[in-house]
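Below is one structure, written out as structure tokens; comments come after it.
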Amino acid sequence: MGGVSPPDPSSSGAGGRRGSEPLPTGDAKAVAVQGMFDRISARYDLLNRTLTFGMDVAWRRRAVGSLDLPASSLVLDLACGTGDFCRELARSGYRPVGFDFAFGMLAHARTDAPLVQADALRLPAADGGADGITCGFALRNVVDLPALFAEMARVLRPGGRIAILEVAEPSNRFVRMGHSVYFSHVVPLVGGIVSDRAAYRYLPRSVAYLPDPSGLLELLRGAGFARPRRLALSRGIAQLLTGTRA
Ligand SMILES: C[S@@+](CC[C@H](N)C(=O)[O-])C[C@H]1O[C@@H](n2cnc3c(N)ncnc32)[C@H](O)[C@@H]1O
């Protein structure tokens, strides 16, 4: 697995420290993330719903709505986890296929969509064969964000759409303070009781990997997405990134 090395700002955006220990990068990060999601997979859905007060369901619905593709379009859900996006995509008349590298998450998935164990940075998918891509709460987990966006661009046809959800830091100072207390203290506490303490301490810290909003849009533009947009959700605690393959 290799040790935990200091953050590398060039690999996943901001990178950085949000606590006493450095966050892992490179292969060490990928192995740590995969193992962590395997460990927390059994309680993942329960905690997701509880800790977001069910808002994650509405966020995915909004993201799928933003795709605005014809019925039966093929939509790849990257880092699909337990299949929430796949279910929402199917409900909206799309043909979803889920990809995730943590077998535990796939094993706990509740969806009829085909699921593939694969690294989102090296998708077993043809060039230009997909109409759309969704990706939920995985940007901060990948080792190389520009490579992820490039892989999305590779598998999408021209005119294909992306809808990416991620956590965010609210711009309002007071909302940010309240959210920070919740995310940094309540989430690890509840997550530690119900599931895995180390994992739910890591999750809030991993926000440090995310580039700021303009940096994210710049990366999408650079990967070949026209008119990338960012929408703040629920007072800015989450964000939806959309774009069209040029
Ligand atoms: C926070 S969960 C989100 C799951 C799901 N998208 C959702 O909305 O609930 C992050 C997921 O990303 C997956 N993941 C992280 N890096 C990945 C990679 N490089 N390739 C494939 N899956 C990855 C993890 O295994 C985990 O299932």
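Residues are referred to by chain and number: the chain letter is A, B, ... according to the order shown in the structure tokens, the number counts from 1 in that chain, and ligands are numbered separately from 1 in the order shown.
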Practice problem: Considering only C-alpha atoms, return as number ranges by chain whatever protein or nucleic-acid residues lie within 12 Å of Val155 (chain A), sequence-local ones (same chain, fewer than 2 positions apart) excluded. | Solution: A: 74-78, 120-133, 148-153, 157-162, 224, 245
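Residues with any atom within 9 Å of Glu166 (chain A), counting only C-alpha atoms and excluding same-chain neighbours fewer than 2 positions away, are Cys135, Gly136, Phe137, Ala138, Leu139, Arg140, Ile164, Ala168, Ile237, Ala238, Gln239, Leu240 and Leu241 of chain A.
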Residue with the minimum atom-to-atom distance to Ser41 (chain A), picked from A:Gly178, A:Pro170, A:Pro204, A:Gly104 with only C-alpha atoms counted, is A:Gly104
For chain A against ligand 1, with a cut-off of 6 Å and counting only C-alpha atoms and all ligand atoms, what is the closest atom pair and its distance in Å to one decimal for every residue that makes the cut, ordered by chain and number, as a Markdown table?
| residue | atom | partner | partner_atom_place_in_ligand_line | distance |
| --- | --- | --- | --- | --- |
| A:Gln34 | CA | ligand 1 | 25 (O) | 5.3 |
| A:Phe37 | CA | ligand 1 | 25 (O) | 5.2 |
| A:Ala79 | CA | ligand 1 | 22 (N) | 3.8 |
| A:Cys80 | CA | ligand 1 | 6 (N) | 4.1 |
| A:Gly81 | CA | ligand 1 | 27 (O) | 3.5 |
| A:Asp84 | CA | ligand 1 | 9 (O) | 5.9 |
| A:Asp100 | CA | ligand 1 | 22 (N) | 3.7 |
| A:Phe101 | CA | ligand 1 | 21 (C) | 4.1 |
| A:Ala102 | CA | ligand 1 | 25 (O) | 4.3 |
| A:Met105 | CA | ligand 1 | 27 (O) | 5.6 |
| A:Ala118 | CA | ligand 1 | 21 (C) | 5.7 |
| A:Asp119 | CA | ligand 1 | 20 (N) | 3.5 |
| A:Ala120 | CA | ligand 1 | 20 (N) | 3.8 |
| A:Leu121 | CA | ligand 1 | 19 (N) | 5.7 |
| A:Cys135 | CA | ligand 1 | 6 (N) | 5.7 |
| A:Gly136 | CA | ligand 1 | 6 (N) | 3.8 |
| A:Phe137 | CA | ligand 1 | 1 (C) | 4.8 |
| A:Ala138 | CA | ligand 1 | 10 (C) | 4.5 |
| A:Asn141 | CA | ligand 1 | 15 (C) | 4.9 |
| A:Val142 | CA | ligand 1 | 16 (N) | 4.6 |
Would you give me, as a PyMOL selection string, the residues in region 46-221 of chain A that DSSP reads as helix (DSSP H, G or I)? chain A and resi 46-51+55-67+84-91+103-107+139-141+145-155+173-194+197-209+213-221
*asked:* Taking only region 71-196 of chain A into account, list the residues labelled strand (DSSP E) by DSSP (computed from the backbone), as an MDAnalysis selection string.
replied: chainID A and resid 74:78 95:100 115:117 130:136 156:167
